[in-house]
$ cat target-v6.cif   # mmCIF, C-alpha atoms
data_entry
loop_
_atom_site.group_PDB
_atom_site.id
_atom_site.type_symbol
_atom_site.label_atom_id
_atom_site.label_comp_id
_atom_site.auth_asym_id
_atom_site.auth_seq_id
_atom_site.Cartn_x
_atom_site.Cartn_y
_atom_site.Cartn_z
ATOM 1 C CA MET A 240 2.725 8.762 -37.342
ATOM 2 C CA THR A 241 5.378 7.196 -35.143
ATOM 3 C CA ALA A 242 9.081 7.981 -35.239
ATOM 4 C CA SER A 243 9.759 4.523 -36.705
ATOM 5 C CA GLU A 244 7.278 5.114 -39.516
ATOM 6 C CA ALA A 245 8.807 8.531 -40.261
ATOM 7 C CA ILE A 246 12.287 7.025 -40.403
ATOM 8 C CA LYS A 247 11.107 4.363 -42.866
ATOM 9 C CA ILE A 248 9.500 6.970 -45.103
ATOM 10 C CA LEU A 249 12.537 9.232 -45.007
ATOM 11 C CA LYS A 250 14.834 6.350 -45.888
ATOM 12 C CA LYS A 251 12.683 5.194 -48.813
ATOM 13 C CA ASP A 252 11.370 8.469 -50.255
ATOM 14 C CA SER A 253 12.974 9.530 -53.538
ATOM 15 C CA CYS A 254 15.402 12.416 -53.736
ATOM 16 C CA TYR A 255 13.498 14.992 -55.758
ATOM 17 C CA GLU A 256 15.725 18.058 -55.537
ATOM 18 C CA CYS A 257 18.940 17.163 -57.281
ATOM 19 C CA ALA A 258 17.660 15.120 -60.238
ATOM 20 C CA GLN A 259 20.143 12.350 -59.481
ATOM 21 C CA GLY A 260 17.333 9.848 -59.696
ATOM 22 C CA THR A 261 18.324 8.004 -56.554
ATOM 23 C CA ASP A 262 15.802 5.849 -54.780
ATOM 24 C CA SER A 263 16.507 7.491 -51.426
ATOM 25 C CA PRO A 264 18.093 10.729 -50.159
ATOM 26 C CA LEU A 265 20.419 8.518 -48.136
ATOM 27 C CA ASN A 266 21.887 7.227 -51.401
ATOM 28 C CA CYS A 267 22.193 10.664 -53.001
ATOM 29 C CA GLU A 268 25.793 11.394 -53.944
ATOM 30 C CA TYR A 269 25.249 15.027 -54.942
ATOM 31 C CA GLY A 270 27.147 16.949 -52.269
ATOM 32 C CA GLU A 271 24.903 20.026 -52.263
ATOM 33 C CA CYS A 272 21.583 18.184 -52.056
ATOM 34 C CA ARG A 273 19.616 19.889 -49.254
ATOM 35 C CA VAL A 274 17.003 17.135 -49.171
ATOM 36 C CA ALA A 275 19.645 14.471 -48.561
ATOM 37 C CA LYS A 276 21.274 16.542 -45.802
ATOM 38 C CA ALA A 277 17.931 17.309 -44.164
ATOM 39 C CA THR A 278 16.904 13.669 -44.351
ATOM 40 C CA ARG A 279 20.102 12.504 -42.645
ATOM 41 C CA VAL A 280 19.686 15.103 -39.871
ATOM 42 C CA ALA A 281 16.014 14.194 -39.370
ATOM 43 C CA ILE A 282 16.728 10.470 -39.209
ATOM 44 C CA LYS A 283 19.542 11.009 -36.707
ATOM 45 C CA ALA A 284 17.287 13.192 -34.520
ATOM 46 C CA LEU A 285 14.444 10.677 -34.621
ATOM 47 C CA GLU A 286 16.778 7.799 -33.737
ATOM 48 C CA GLU A 287 18.102 9.806 -30.752
ATOM 49 C CA VAL A 288 14.527 10.441 -29.596
ATOM 50 C CA GLN A 289 13.849 6.709 -29.793
ATOM 51 C CA GLN A 290 16.925 6.016 -27.646
ATOM 52 C CA TYR A 291 15.815 8.541 -25.022
ATOM 53 C CA ARG A 292 12.318 7.042 -24.951
ATOM 54 C CA ALA A 293 13.824 3.601 -24.437
ATOM 55 C CA ILE A 294 15.727 4.910 -21.412
ATOM 56 C CA GLY A 295 12.568 6.324 -19.861
ATOM 57 C CA THR A 296 11.095 9.604 -18.787
ATOM 58 C CA LEU A 297 12.785 12.168 -16.577
ATOM 59 C CA GLU A 298 10.474 11.184 -13.714
ATOM 60 C CA GLU A 299 11.449 7.521 -14.108
ATOM 61 C CA CYS A 300 15.118 8.490 -14.053
ATOM 62 C CA ARG A 301 14.666 10.571 -10.880
ATOM 63 C CA ALA A 302 12.805 7.708 -9.205
ATOM 64 C CA ALA A 303 15.625 5.307 -10.108
ATOM 65 C CA VAL A 304 18.230 7.659 -8.631
ATOM 66 C CA GLU A 305 16.199 7.972 -5.426
ATOM 67 C CA ARG A 306 15.850 4.180 -5.202
ATOM 68 C CA ASN A 307 19.578 3.839 -5.748
ATOM 69 C CA ASN A 308 20.213 6.065 -2.724
ATOM 70 C CA GLU A 309 17.934 3.950 -0.537
ATOM 71 C CA LYS A 310 19.332 0.930 1.254
ATOM 72 C CA THR A 311 17.975 -2.451 2.212
ATOM 73 C CA ARG A 312 19.144 -5.451 4.203
ATOM 74 C CA ILE A 313 19.401 -9.177 3.572
ATOM 75 C CA ILE A 314 17.727 -11.363 6.148
ATOM 76 C CA ASP A 315 18.224 -15.113 5.764
ATOM 77 C CA GLY A 316 19.328 -14.606 2.152
ATOM 78 C CA ILE A 317 16.228 -12.580 1.206
ATOM 79 C CA THR A 318 16.137 -8.837 0.580
ATOM 80 C CA GLU A 319 13.955 -6.853 2.923
ATOM 81 C CA CYS A 320 12.739 -4.514 0.152
ATOM 82 C CA CYS A 321 11.529 -6.848 -2.605
ATOM 83 C CA GLY A 322 11.806 -10.333 -1.187
ATOM 84 C CA TYR A 323 14.466 -11.363 -3.711
ATOM 85 C CA ASP A 324 16.087 -14.629 -2.634
ATOM 86 C CA PHE A 325 19.838 -14.571 -3.121
ATOM 87 C CA GLY A 326 20.155 -18.073 -1.733
ATOM 88 C CA ILE A 327 23.752 -19.043 -1.093
ATOM 89 C CA ASP A 328 24.996 -15.984 -3.028
ATOM 90 C CA ALA A 329 23.833 -13.755 -0.140
ATOM 91 C CA PHE A 330 27.065 -14.605 1.646
ATOM 92 C CA GLN A 331 29.263 -13.537 -1.257
ATOM 93 C CA ARG A 332 29.672 -9.760 -1.016
ATOM 94 C CA GLU A 333 30.594 -9.278 -4.696
ATOM 95 C CA LEU A 334 27.373 -10.948 -5.860
ATOM 96 C CA SER A 335 25.070 -9.192 -3.419
ATOM 97 C CA LYS A 336 25.939 -5.490 -3.361
ATOM 98 C CA PHE A 337 22.617 -4.347 -4.857
ATOM 99 C CA CYS A 338 19.115 -5.779 -5.060
ATOM 100 C CA PRO A 339 18.639 -7.006 -8.647
ATOM 101 C CA VAL A 340 14.912 -6.179 -8.506
ATOM 102 C CA CYS A 341 14.873 -2.560 -7.310
ATOM 103 C CA GLY A 342 18.546 -1.582 -7.396
ATOM 104 C CA ARG A 343 18.822 -0.583 -3.740
ATOM 105 C CA LYS A 344 22.220 -0.900 -2.103
ATOM 106 C CA ILE A 345 22.420 -3.731 0.388
ATOM 107 C CA GLU A 346 23.489 -2.565 3.817
ATOM 108 C CA ARG A 347 25.374 -5.023 5.948
ATOM 109 C CA SER A 348 25.628 -4.821 9.700
ATOM 110 C CA ASP A 349 29.196 -6.179 9.663
ATOM 111 C CA GLU A 350 30.488 -3.455 7.299
ATOM 112 C CA GLU A 351 33.051 -1.035 8.600
#
$ encode --input "target-v6.cif" --output "structure tokens"
Amino acid sequence: MTASEAIKILKKDSCYECAQGTDSPLNCEYGECRVAKATRVAIKALEEVQQYRAIGTLEECRAAVERNNEKTRIIDGITECCGYDFGIDAFQRELSKFCPVCGRKIERSDEE
């Protein structure tokens, strides 16, 4: 079962503890309903897990940080690292600080 499937089930399952007869624990208005509280906590936790998975693994994050620390140069408007062609924008510093493909900082020989 995936996290998305579990969230759907938790949102649609009936609230059986408090006899309120609601169609979902999310709609339960009984303040002491443990099932409703547990369901809300579980859904929140599963949604957070989904967000972290969307960001990527720890290894992917570390690799991105390492790439960010690496530098590259622009030669004739093309990045040395990935071959991205900035075209005329290569001469505009604000538009060409980082490679849009790999994220490396662009090092310029005329920088102070």
$ atom_distance --input "target-v6.cif" --atom1 "atom CA of Tyr323 of chain A" --atom2 "atom CA of Ala302 of chain A"
19.9 Å
$ resolve_selection --input "target-v6.cif" --expression "the PyMOL selection byres ((chain A and resi 279) around 12)" --output "PDB file with C-alpha atoms, keeping the file's coordinate frame"
ATOM      1  CA  ILE A 246      12.287   7.025 -40.403  1.00  0.00           C
ATOM      2  CA  LEU A 249      12.537   9.232 -45.007  1.00  0.00           C
ATOM      3  CA  LYS A 250      14.834   6.350 -45.888  1.00  0.00           C
ATOM      4  CA  SER A 263      16.507   7.491 -51.426  1.00  0.00           C
ATOM      5  CA  PRO A 264      18.093  10.729 -50.159  1.00  0.00           C
ATOM      6  CA  LEU A 265      20.419   8.518 -48.136  1.00  0.00           C
ATOM      7  CA  ASN A 266      21.887   7.227 -51.401  1.00  0.00           C
ATOM      8  CA  CYS A 267      22.193  10.664 -53.001  1.00  0.00           C
ATOM      9  CA  CYS A 272      21.583  18.184 -52.056  1.00  0.00           C
ATOM     10  CA  ARG A 273      19.616  19.889 -49.254  1.00  0.00           C
ATOM     11  CA  VAL A 274      17.003  17.135 -49.171  1.00  0.00           C
ATOM     12  CA  ALA A 275      19.645  14.471 -48.561  1.00  0.00           C
ATOM     13  CA  LYS A 276      21.274  16.542 -45.802  1.00  0.00           C
ATOM     14  CA  ALA A 277      17.931  17.309 -44.164  1.00  0.00           C
ATOM     15  CA  THR A 278      16.904  13.669 -44.351  1.00  0.00           C
ATOM     16  CA  VAL A 280      19.686  15.103 -39.871  1.00  0.00           C
ATOM     17  CA  ALA A 281      16.014  14.194 -39.370  1.00  0.00           C
ATOM     18  CA  ILE A 282      16.728  10.470 -39.209  1.00  0.00           C
ATOM     19  CA  LYS A 283      19.542  11.009 -36.707  1.00  0.00           C
ATOM     20  CA  ALA A 284      17.287  13.192 -34.520  1.00  0.00           C
ATOM     21  CA  LEU A 285      14.444  10.677 -34.621  1.00  0.00           C
ATOM     22  CA  GLU A 286      16.778   7.799 -33.737  1.00  0.00           C
TER      23      GLU A 286
END
$ residues_around --input "target-v6.cif" --residues "Cys338 of chain A" --least-positions-apart "5" --cutoff "8 Å" --atoms "all atoms listed in the file" --output "NGL selection string"
:A and (318 or 323 or 343-345)
$ atom_distance --input "target-v6.cif" --atom1 "atom CA of Cys320 of chain A" --atom2 "atom CA of Arg306 of chain A"
10.7 Å
$ resolve_selection --input "target-v6.cif" --expression "the PyMOL selection byres ((chain A and resi 346) around 10)" --output "list in words"
Glu309, Lys310, Thr311, Arg312, Ile313, Ser335, Lys336, Phe337, Arg343, Lys344, Ile345, Arg347, Ser348, Asp349 and Glu350 of chain A
$ axis_aligned_box --input "target-v6.cif" --around "segment 310-326 of chain A" --padding-each-side "3 Å" --output "AutoDock Vina command-line options"
--center_x 15.8 --center_y -8.6 --center_z 1.2 --size_x 14.6 --size_y 25.0 --size_z 15.9
$ atom_distance --input "target-v6.cif" --atom1 "atom CA of Cys321 of chain A" --atom2 "atom CA of Leu297 of chain A"
23.6 Å
$ build_atoms --input "target-v6.cif" --residues "segment 295-330 of chain A" --atoms "N, CA and C atoms" --output "JSON list (two decimals), in the coordinates of the input"
[["chain", "number", "residue", "atom", "x", "y", "z"],
["A", 295, "GLY", "N", 13.66, 6.00, -20.77],
["A", 295, "GLY", "CA", 12.57, 6.32, -19.86],
["A", 295, "GLY", "C", 12.42, 7.82, -19.71],
["A", 296, "THR", "N", 11.38, 8.19, -18.98],
["A", 296, "THR", "CA", 11.10, 9.60, -18.79],
["A", 296, "THR", "C", 12.00, 10.18, -17.70],
["A", 297, "LEU", "N", 12.00, 11.49, -17.61],
["A", 297, "LEU", "CA", 12.78, 12.17, -16.58],
["A", 297, "LEU", "C", 12.32, 11.75, -15.18],
["A", 298, "GLU", "N", 11.02, 11.60, -15.01],
["A", 298, "GLU", "CA", 10.47, 11.18, -13.71],
["A", 298, "GLU", "C", 10.95, 9.77, -13.36],
["A", 299, "GLU", "N", 10.97, 8.88, -14.35],
["A", 299, "GLU", "CA", 11.45, 7.52, -14.11],
["A", 299, "GLU", "C", 12.93, 7.52, -13.73],
["A", 300, "CYS", "N", 13.69, 8.37, -14.36],
["A", 300, "CYS", "CA", 15.12, 8.49, -14.05],
["A", 300, "CYS", "C", 15.31, 9.00, -12.63],
["A", 301, "ARG", "N", 14.56, 10.03, -12.25],
["A", 301, "ARG", "CA", 14.67, 10.57, -10.88],
["A", 301, "ARG", "C", 14.29, 9.52, -9.84],
["A", 302, "ALA", "N", 13.24, 8.76, -10.12],
["A", 302, "ALA", "CA", 12.80, 7.71, -9.20],
["A", 302, "ALA", "C", 13.89, 6.64, -9.06],
["A", 303, "ALA", "N", 14.55, 6.30, -10.15],
["A", 303, "ALA", "CA", 15.62, 5.31, -10.11],
["A", 303, "ALA", "C", 16.80, 5.81, -9.28],
["A", 304, "VAL", "N", 17.13, 7.08, -9.42],
["A", 304, "VAL", "CA", 18.23, 7.66, -8.63],
["A", 304, "VAL", "C", 17.87, 7.64, -7.15],
["A", 305, "GLU", "N", 16.63, 7.99, -6.82],
["A", 305, "GLU", "CA", 16.20, 7.97, -5.43],
["A", 305, "GLU", "C", 16.24, 6.55, -4.86],
["A", 306, "ARG", "N", 15.79, 5.57, -5.65],
["A", 306, "ARG", "CA", 15.85, 4.18, -5.20],
["A", 306, "ARG", "C", 17.29, 3.74, -4.99],
["A", 307, "ASN", "N", 18.18, 4.22, -5.85],
["A", 307, "ASN", "CA", 19.58, 3.84, -5.75],
["A", 307, "ASN", "C", 20.20, 4.37, -4.46],
["A", 308, "ASN", "N", 19.70, 5.49, -3.96],
["A", 308, "ASN", "CA", 20.21, 6.06, -2.72],
["A", 308, "ASN", "C", 19.64, 5.37, -1.49],
["A", 309, "GLU", "N", 18.53, 4.67, -1.65],
["A", 309, "GLU", "CA", 17.93, 3.95, -0.54],
["A", 309, "GLU", "C", 18.71, 2.65, -0.31],
["A", 310, "LYS", "N", 18.62, 2.16, 0.91],
["A", 310, "LYS", "CA", 19.33, 0.93, 1.25],
["A", 310, "LYS", "C", 18.35, -0.10, 1.77],
["A", 311, "THR", "N", 18.77, -1.34, 1.71],
["A", 311, "THR", "CA", 17.98, -2.45, 2.21],
["A", 311, "THR", "C", 18.91, -3.43, 2.90],
["A", 312, "ARG", "N", 18.34, -4.43, 3.54],
["A", 312, "ARG", "CA", 19.14, -5.45, 4.20],
["A", 312, "ARG", "C", 18.77, -6.82, 3.66],
["A", 313, "ILE", "N", 19.68, -7.78, 3.89],
["A", 313, "ILE", "CA", 19.40, -9.18, 3.57],
["A", 313, "ILE", "C", 19.17, -9.90, 4.89],
["A", 314, "ILE", "N", 18.04, -10.57, 4.97],
["A", 314, "ILE", "CA", 17.73, -11.36, 6.15],
["A", 314, "ILE", "C", 17.49, -12.79, 5.69],
["A", 315, "ASP", "N", 18.30, -13.70, 6.16],
["A", 315, "ASP", "CA", 18.22, -15.11, 5.76],
["A", 315, "ASP", "C", 18.29, -15.29, 4.24],
["A", 316, "GLY", "N", 19.11, -14.48, 3.59],
["A", 316, "GLY", "CA", 19.33, -14.61, 2.15],
["A", 316, "GLY", "C", 18.28, -13.92, 1.30],
["A", 317, "ILE", "N", 17.32, -13.23, 1.94],
["A", 317, "ILE", "CA", 16.23, -12.58, 1.21],
["A", 317, "ILE", "C", 16.26, -11.08, 1.47],
["A", 318, "THR", "N", 16.11, -10.29, 0.40],
["A", 318, "THR", "CA", 16.14, -8.84, 0.58],
["A", 318, "THR", "C", 14.87, -8.38, 1.28],
["A", 319, "GLU", "N", 15.06, -7.40, 2.15],
["A", 319, "GLU", "CA", 13.96, -6.85, 2.92],
["A", 319, "GLU", "C", 13.00, -6.04, 2.03],
["A", 320, "CYS", "N", 13.54, -5.42, 0.99],
["A", 320, "CYS", "CA", 12.74, -4.51, 0.15],
["A", 320, "CYS", "C", 11.80, -5.25, -0.79],
["A", 321, "CYS", "N", 12.31, -6.22, -1.52],
["A", 321, "CYS", "CA", 11.53, -6.85, -2.60],
["A", 321, "CYS", "C", 11.29, -8.34, -2.40],
["A", 322, "GLY", "N", 11.96, -8.91, -1.41],
["A", 322, "GLY", "CA", 11.81, -10.33, -1.19],
["A", 322, "GLY", "C", 12.61, -11.20, -2.14],
["A", 323, "TYR", "N", 13.63, -10.59, -2.78],
["A", 323, "TYR", "CA", 14.47, -11.36, -3.71],
["A", 323, "TYR", "C", 15.31, -12.34, -2.91],
["A", 324, "ASP", "N", 15.34, -13.59, -3.33],
["A", 324, "ASP", "CA", 16.09, -14.63, -2.63],
["A", 324, "ASP", "C", 17.44, -14.83, -3.30],
["A", 325, "PHE", "N", 18.48, -14.38, -2.61],
["A", 325, "PHE", "CA", 19.84, -14.57, -3.12],
["A", 325, "PHE", "C", 20.31, -16.00, -2.94],
["A", 326, "GLY", "N", 19.70, -16.72, -2.02],
["A", 326, "GLY", "CA", 20.16, -18.07, -1.73],
["A", 326, "GLY", "C", 21.56, -18.04, -1.16],
["A", 327, "ILE", "N", 22.38, -18.94, -1.60],
["A", 327, "ILE", "CA", 23.75, -19.04, -1.09],
["A", 327, "ILE", "C", 24.61, -17.84, -1.48],
["A", 328, "ASP", "N", 24.24, -17.14, -2.57],
["A", 328, "ASP", "CA", 25.00, -15.98, -3.03],
["A", 328, "ASP", "C", 24.91, -14.81, -2.06],
["A", 329, "ALA", "N", 23.98, -14.84, -1.11],
["A", 329, "ALA", "CA", 23.83, -13.76, -0.14],
["A", 329, "ALA", "C", 25.09, -13.59, 0.69],
["A", 330, "PHE", "N", 25.86, -14.66, 0.83],
["A", 330, "PHE", "CA", 27.06, -14.60, 1.65],
["A", 330, "PHE", "C", 28.29, -14.15, 0.86]]
